[in-house]
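Written out below as structure tokens is the structure these notes cover.
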Amino acid sequence: MNSTTVAPTQVGLSPRILVCLAATWLVWGSTYLAIKFALISFPPFFQMGTRFLAAGVLLAAWMRWRGKAWPSARQWLNALVIGALMLGGGMGFTATAEQTVGSGLVVAFIAVIPLMTAAMNLFWKVIPTRLEMLGMAIGLVGVLMLMQGQGFSASPVGLLAISIACLTWSLGSVLSQRVFPLAPGAMGFASEMLAGGVVLILISLLRGEALQWPLQQESVLAWVYLVVFGSLIGFNAYMVLLAEAPAGLATSYSFVNPVIAMLLGVAIAGEHISSFEWAAAGVVLMGVVLLLKGRRS
């Protein structure tokens with residue numbers, strides 16, 4: 001039987017959905033700490049470029065082995081635009097921000113992306129509900145609070161980098177839905193990773209980035225973790241959730257990831273997050289929850 005015909009209440013309890021939720025919650029929540037460790041040896045744009053090129057090659061090869069067609073020329077062009085925005089700008093500048101700001105705070109700021117995408121959709125006359133607008137307003141207050149915290153106030157460069165990352169990722173997300181659709185299924189993700197990886201490597205070359213020799217073991221392991229778990233397993237788990245789970249469940253990672261990332265940053269990397277910054281992150285997450293709840297209604 002086609003799995004998409006299962007009732008949402010049953011799907012939400014199925015082992016397949018629970019495993020995919022664990023992947024998007026725990027794995028994606030931990031990738032930001034992995035980025036921090038990988039930065040010891042791999043500079044930001046080179047790190048992201050090689051990560052997505054490796055994952056894109058593996059995923060595309062797997063799809064071709066299963067008989068999936070290559071994207072069309074137009075779909076490759078779309079992948080270049082979306083990959084440049086979401087991966088080149090979004091992930092490249094996220095890694096740049098983590099050079100000077102704790103990984104937990106970076107992810108707390110990234111939680112504003114659903115609010116940004118909702119605002120950008122106004123250009124396509126997608127009017128938010130009252131609850132969505134309330135969520136956007138509360139989320140904005142939380143972001144302004146985060147900007148006043150000791151982490152971002154001590155690093156204007158980090159604040160600028162993560163702001164660029166959120167804007168480009170949000171814009172790429174909206175354009176991929178409205179203007180530049182990718183190839184269907186996993187091949188679309190593969191083409192985005194390949195195209196975005198090329199853009200990231202070009203930016204890395206223009207910036208004159210260089211590996212830090214000798215390579216540290218924890219950096220190499222973190223890079224491998226990002227390729228295998230963050231890109232391949234995480235993206236495919238998200239695709240399953242989009243196809244088989246209610247929308248609210250599929251996008252729940254957006255308010256779970258920051259909590260996990262902040263806890264991991266404190267517990268493993270010894271990052272310091274003030275009580276004010278915890279409160280600010282809570283306000284952002286409250287806004288995201290209200291936004292998603294309003295969207296579902």
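Residues are referred to by chain and number: the chain letter is A, B, ... according to the order shown in the structure tokens, the number counts from 1 in that chain, and ligands are numbered separately from 1 in the order shown.
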inquiry  = I'd like the neighbourhood of range 96-107 of chain A as a list in words, where a residue qualifies if any of its atoms comes within 8 Å (using only C-alpha atoms), though same-chain residues fewer than 5 positions away should be ignored.
reply    = Tyr32, Leu33, Ile35, Lys36, Leu39, Pro44, Phe45, Gly151, Phe152, Ser155, Val157, Gly158, Leu159, Leu160, Ala161, Ile162, Asn257, Pro258, Val259, Ala261, Met262, Leu263, Leu264, Gly265, Val266, Glu271, His272, Ile273 and Glu277 of chain A
Do you know which residues are at most 7 Å from range 180-190 of chain A counting only C-alpha atoms, after dropping those on the same chain fewer than 6 positions away, and could you put them as a CSV table (one decimal) with all heavy atoms, in the first residue's frame?
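Output contents, as saved in selection10.csv:
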chain,number,residue,atom,x,y,z
A,56,GLY,N,26.8,15.4,-2.8
A,56,GLY,CA,26.1,15.4,-4.1
A,56,GLY,C,26.5,14.3,-5.1
A,56,GLY,O,25.6,13.7,-5.7
A,59,LEU,N,25.0,11.0,-3.7
A,59,LEU,CA,23.5,10.9,-3.9
A,59,LEU,C,23.1,10.8,-5.3
A,59,LEU,O,22.2,10.0,-5.7
A,59,LEU,CB,22.9,12.2,-3.2
A,59,LEU,CG,21.3,12.2,-3.2
A,59,LEU,CD1,20.8,10.9,-2.5
A,59,LEU,CD2,20.8,13.5,-2.5
A,60,ALA,N,23.8,11.6,-6.2
A,60,ALA,CA,23.5,11.5,-7.6
A,60,ALA,C,23.8,10.1,-8.2
A,60,ALA,O,23.1,9.6,-9.0
A,60,ALA,CB,24.2,12.6,-8.4
A,63,MET,N,21.1,7.7,-7.1
A,63,MET,CA,19.9,7.9,-7.9
A,63,MET,C,20.0,7.4,-9.3
A,63,MET,O,19.1,6.8,-9.8
A,63,MET,CB,19.5,9.4,-7.9
A,63,MET,CG,19.1,10.0,-6.6
A,63,MET,SD,17.5,9.3,-6.0
A,63,MET,CE,18.1,8.1,-4.8
A,71,PRO,N,18.7,15.7,-14.1
A,71,PRO,CA,17.9,16.9,-14.3
A,71,PRO,C,18.1,17.5,-15.7
A,71,PRO,O,19.1,17.3,-16.4
A,71,PRO,CB,18.5,17.9,-13.3
A,71,PRO,CG,19.2,17.0,-12.2
A,71,PRO,CD,19.7,15.8,-13.0
A,75,GLN,N,16.6,22.6,-15.2
A,75,GLN,CA,16.6,22.2,-13.8
A,75,GLN,C,18.0,22.4,-13.2
A,75,GLN,O,18.2,22.8,-12.0
A,75,GLN,CB,16.1,20.8,-13.6
A,75,GLN,CG,14.6,20.7,-13.8
A,75,GLN,CD,14.2,19.2,-13.9
A,75,GLN,OE1,14.9,18.3,-14.3
A,75,GLN,NE2,12.9,19.0,-13.6
A,78,ASN,N,18.3,26.1,-12.5
A,78,ASN,CA,17.6,26.3,-11.3
A,78,ASN,C,18.4,25.9,-10.1
A,78,ASN,O,18.5,26.6,-9.0
A,78,ASN,CB,16.3,25.6,-11.3
A,78,ASN,CG,15.3,26.2,-12.3
A,78,ASN,OD1,15.6,27.2,-12.9
A,78,ASN,ND2,14.2,25.5,-12.5
A,79,ALA,N,19.1,24.7,-10.2
A,79,ALA,CA,19.9,24.2,-9.1
A,79,ALA,C,21.1,25.1,-8.8
A,79,ALA,O,21.5,25.3,-7.6
A,79,ALA,CB,20.4,22.8,-9.4
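Atom to atom, CA of Tyr253 in chain A and CA of Ile110 in chain A stand 11.6 Å apart.
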Atomic distance CA of Val288 in chain A - CA of Gly270 in chain A, expressed in Å with one decimal = 26.9 Å
inquiry  = Which residues are close to Ala119 in chain A, i.e. within 12 Å by only C-alpha atoms, leaving aside same-chain residues fewer than 4 positions away? Reply as an MDAnalysis selection string.
reply    = chainID A and resid 112:115 123:129 132:133 135:137 139:140 167 170:171 174 291
With N, CA and C atoms retained, write the just-selected residues as an mmCIF file, in the first residue's frame.
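part-v5.cif, written as the output of this step:
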data_model
loop_
_atom_site.group_PDB
_atom_site.id
_atom_site.type_symbol
_atom_site.label_atom_id
_atom_site.label_comp_id
_atom_site.auth_asym_id
_atom_site.auth_seq_id
_atom_site.Cartn_x
_atom_site.Cartn_y
_atom_site.Cartn_z
ATOM 1 N N VAL A 112 15.071 31.980 12.969
ATOM 2 C CA VAL A 112 14.237 33.046 12.414
ATOM 3 C C VAL A 112 13.895 32.805 10.940
ATOM 4 N N ILE A 113 14.519 31.810 10.313
ATOM 5 C CA ILE A 113 14.313 31.580 8.877
ATOM 6 C C ILE A 113 12.843 31.367 8.509
ATOM 7 N N PRO A 114 12.058 30.558 9.255
ATOM 8 C CA PRO A 114 10.634 30.451 8.895
ATOM 9 C C PRO A 114 9.915 31.791 8.920
ATOM 10 N N LEU A 115 10.328 32.690 9.807
ATOM 11 C CA LEU A 115 9.721 34.016 9.856
ATOM 12 C C LEU A 115 10.093 34.827 8.613
ATOM 13 N N PHE A 123 5.452 38.958 -1.144
ATOM 14 C CA PHE A 123 5.613 39.432 -2.522
ATOM 15 C C PHE A 123 4.769 38.627 -3.499
ATOM 16 N N TRP A 124 4.394 37.409 -3.098
ATOM 17 C CA TRP A 124 3.513 36.578 -3.932
ATOM 18 C C TRP A 124 2.082 36.603 -3.382
ATOM 19 N N LYS A 125 1.800 37.621 -2.579
ATOM 20 C CA LYS A 125 0.475 37.856 -2.026
ATOM 21 C C LYS A 125 -0.026 36.689 -1.180
ATOM 22 N N VAL A 126 0.910 36.041 -0.504
ATOM 23 C CA VAL A 126 0.550 35.016 0.474
ATOM 24 C C VAL A 126 0.416 35.726 1.813
ATOM 25 N N ILE A 127 -0.801 36.045 2.178
ATOM 26 C CA ILE A 127 -1.056 36.848 3.372
ATOM 27 C C ILE A 127 -1.074 35.950 4.611
ATOM 28 N N PRO A 128 -0.247 36.248 5.614
ATOM 29 C CA PRO A 128 -0.243 35.416 6.820
ATOM 30 C C PRO A 128 -1.510 35.601 7.646
ATOM 31 N N THR A 129 -1.857 34.572 8.392
ATOM 32 C CA THR A 129 -2.984 34.673 9.311
ATOM 33 C C THR A 129 -2.584 35.540 10.504
ATOM 34 N N GLU A 132 -0.014 33.787 12.530
ATOM 35 C CA GLU A 132 1.296 33.848 11.886
ATOM 36 C C GLU A 132 1.944 35.213 12.102
ATOM 37 N N MET A 133 1.163 36.269 11.955
ATOM 38 C CA MET A 133 1.715 37.613 12.153
ATOM 39 C C MET A 133 2.172 37.815 13.594
ATOM 40 N N GLY A 135 3.251 35.404 15.521
ATOM 41 C CA GLY A 135 4.495 34.644 15.621
ATOM 42 C C GLY A 135 5.671 35.394 15.019
ATOM 43 N N MET A 136 5.455 36.052 13.878
ATOM 44 C CA MET A 136 6.520 36.830 13.240
ATOM 45 C C MET A 136 6.961 37.980 14.130
ATOM 46 N N ALA A 137 6.001 38.658 14.761
ATOM 47 C CA ALA A 137 6.332 39.790 15.631
ATOM 48 C C ALA A 137 7.123 39.328 16.857
ATOM 49 N N GLY A 139 8.872 36.551 17.132
ATOM 50 C CA GLY A 139 10.178 36.079 16.674
ATOM 51 C C GLY A 139 11.138 37.224 16.431
ATOM 52 N N LEU A 140 10.638 38.315 15.872
ATOM 53 C CA LEU A 140 11.481 39.486 15.634
ATOM 54 C C LEU A 140 11.994 40.071 16.945
ATOM 55 N N LEU A 167 19.199 35.380 5.326
ATOM 56 C CA LEU A 167 18.530 36.043 4.214
ATOM 57 C C LEU A 167 18.657 35.245 2.926
ATOM 58 N N SER A 170 16.660 31.913 3.161
ATOM 59 C CA SER A 170 15.224 32.167 3.068
ATOM 60 C C SER A 170 14.825 32.505 1.637
ATOM 61 N N LEU A 171 15.605 33.379 0.992
ATOM 62 C CA LEU A 171 15.309 33.752 -0.389
ATOM 63 C C LEU A 171 15.384 32.535 -1.304
ATOM 64 N N VAL A 174 12.247 30.310 -0.836
ATOM 65 C CA VAL A 174 11.051 30.844 -1.472
ATOM 66 C C VAL A 174 11.145 30.725 -2.992
ATOM 67 N N LEU A 291 4.013 30.697 14.477
ATOM 68 C CA LEU A 291 3.965 30.817 13.024
ATOM 69 C C LEU A 291 3.538 29.504 12.382
#
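Using only C-alpha atoms, the protein and nucleic acid residues lying no more than 7 Å from Cys20 in chain A, apart from those fewer than 6 places from it along its own chain, are Ala237, Tyr238 and Leu241 of chain A.
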message = Which residues are near Gly172 in chain A? Cut-off 12 Å, only C-alpha atoms, ignore same chain within fewer than 5 positions. Put them as a PyMOL selection string.
response = chain A and resi 78-91+113+116-117+120-121+165-167+177-182+192+196
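Nearest residue to Ser176 in chain A among A:Ala38, A:Gly92, A:Phe52, A:Leu77 is A:Leu77, counting only C-alpha atoms.
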message = Rounded to one decimal, what separation in Å do you get between CA of Met147 in chain A and CA of Ser41 in chain A?
response = 28.3 Å
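Ranking A:Gly197, A:Gly230, A:Pro43, A:Pro15 by their shortest atom-to-atom distance to Trp28 in chain A, with only C-alpha atoms included, puts A:Gly230 first.
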request  = as a VMD selection string, please: all residues of range 155-226 of chain A that backbone DSSP puts in helix (DSSP H, G or I).
outcome  = chain A and resid 156 to 178 186 to 207 217 to 226
Could the residues in this selection be saved with C-alpha atoms as a PDB file, in the first residue's frame?
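File produced: out.pdb:
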ATOM      1  CA  PRO A 156      29.727  42.266  14.610  1.00  0.00           C
ATOM      2  CA  VAL A 157      31.312  40.192  11.829  1.00  0.00           C
ATOM      3  CA  GLY A 158      29.593  37.060  13.101  1.00  0.00           C
ATOM      4  CA  LEU A 159      26.277  38.879  13.335  1.00  0.00           C
ATOM      5  CA  LEU A 160      26.636  40.157   9.766  1.00  0.00           C
ATOM      6  CA  ALA A 161      27.590  36.701   8.502  1.00  0.00           C
ATOM      7  CA  ILE A 162      24.649  34.902  10.094  1.00  0.00           C
ATOM      8  CA  SER A 163      22.267  37.643   8.921  1.00  0.00           C
ATOM      9  CA  ILE A 164      23.458  37.145   5.327  1.00  0.00           C
ATOM     10  CA  ALA A 165      23.143  33.377   5.779  1.00  0.00           C
ATOM     11  CA  CYS A 166      19.528  33.595   6.947  1.00  0.00           C
ATOM     12  CA  LEU A 167      18.530  36.043   4.214  1.00  0.00           C
ATOM     13  CA  THR A 168      20.061  34.029   1.360  1.00  0.00           C
ATOM     14  CA  TRP A 169      18.722  30.718   2.682  1.00  0.00           C
ATOM     15  CA  SER A 170      15.224  32.167   3.068  1.00  0.00           C
ATOM     16  CA  LEU A 171      15.309  33.752  -0.389  1.00  0.00           C
ATOM     17  CA  GLY A 172      16.521  30.498  -1.926  1.00  0.00           C
ATOM     18  CA  SER A 173      13.771  28.552  -0.153  1.00  0.00           C
ATOM     19  CA  VAL A 174      11.051  30.844  -1.472  1.00  0.00           C
ATOM     20  CA  LEU A 175      12.451  31.015  -5.013  1.00  0.00           C
ATOM     21  CA  SER A 176      12.777  27.226  -5.190  1.00  0.00           C
ATOM     22  CA  GLN A 177       9.036  26.984  -4.537  1.00  0.00           C
ATOM     23  CA  ARG A 178       7.908  29.932  -6.658  1.00  0.00           C
ATOM     24  CA  ALA A 186      16.440  13.223  -4.280  1.00  0.00           C
ATOM     25  CA  MET A 187      17.947  14.081  -7.663  1.00  0.00           C
ATOM     26  CA  GLY A 188      16.856  17.672  -7.055  1.00  0.00           C
ATOM     27  CA  PHE A 189      18.737  17.727  -3.751  1.00  0.00           C
ATOM     28  CA  ALA A 190      21.761  16.138  -5.453  1.00  0.00           C
ATOM     29  CA  SER A 191      21.831  18.770  -8.203  1.00  0.00           C
ATOM     30  CA  GLU A 192      21.499  21.544  -5.623  1.00  0.00           C
ATOM     31  CA  MET A 193      24.401  20.142  -3.592  1.00  0.00           C
ATOM     32  CA  LEU A 194      26.589  19.735  -6.687  1.00  0.00           C
ATOM     33  CA  ALA A 195      25.869  23.222  -8.019  1.00  0.00           C
ATOM     34  CA  GLY A 196      26.083  24.837  -4.590  1.00  0.00           C
ATOM     35  CA  GLY A 197      29.305  22.965  -3.866  1.00  0.00           C
ATOM     36  CA  VAL A 198      30.912  24.394  -7.009  1.00  0.00           C
ATOM     37  CA  VAL A 199      29.849  27.918  -6.006  1.00  0.00           C
ATOM     38  CA  LEU A 200      31.273  27.433  -2.512  1.00  0.00           C
ATOM     39  CA  ILE A 201      34.623  26.199  -3.879  1.00  0.00           C
ATOM     40  CA  LEU A 202      34.825  29.200  -6.225  1.00  0.00           C
ATOM     41  CA  ILE A 203      34.171  31.555  -3.288  1.00  0.00           C
ATOM     42  CA  SER A 204      36.802  29.687  -1.276  1.00  0.00           C
ATOM     43  CA  LEU A 205      39.361  30.179  -4.066  1.00  0.00           C
ATOM     44  CA  LEU A 206      38.519  33.883  -4.368  1.00  0.00           C
ATOM     45  CA  ARG A 207      38.943  34.267  -0.609  1.00  0.00           C
ATOM     46  CA  GLN A 217      41.498  14.080  13.593  1.00  0.00           C
ATOM     47  CA  GLU A 218      38.426  15.689  15.132  1.00  0.00           C
ATOM     48  CA  SER A 219      38.099  18.000  12.132  1.00  0.00           C
ATOM     49  CA  VAL A 220      38.253  15.146   9.629  1.00  0.00           C
ATOM     50  CA  LEU A 221      35.724  13.110  11.599  1.00  0.00           C
ATOM     51  CA  ALA A 222      33.434  16.142  11.854  1.00  0.00           C
ATOM     52  CA  TRP A 223      33.662  16.695   8.080  1.00  0.00           C
ATOM     53  CA  VAL A 224      32.777  13.045   7.405  1.00  0.00           C
ATOM     54  CA  TYR A 225      29.869  13.339   9.830  1.00  0.00           C
ATOM     55  CA  LEU A 226      28.587  16.382   7.953  1.00  0.00           C
TER      56      LEU A 226
END
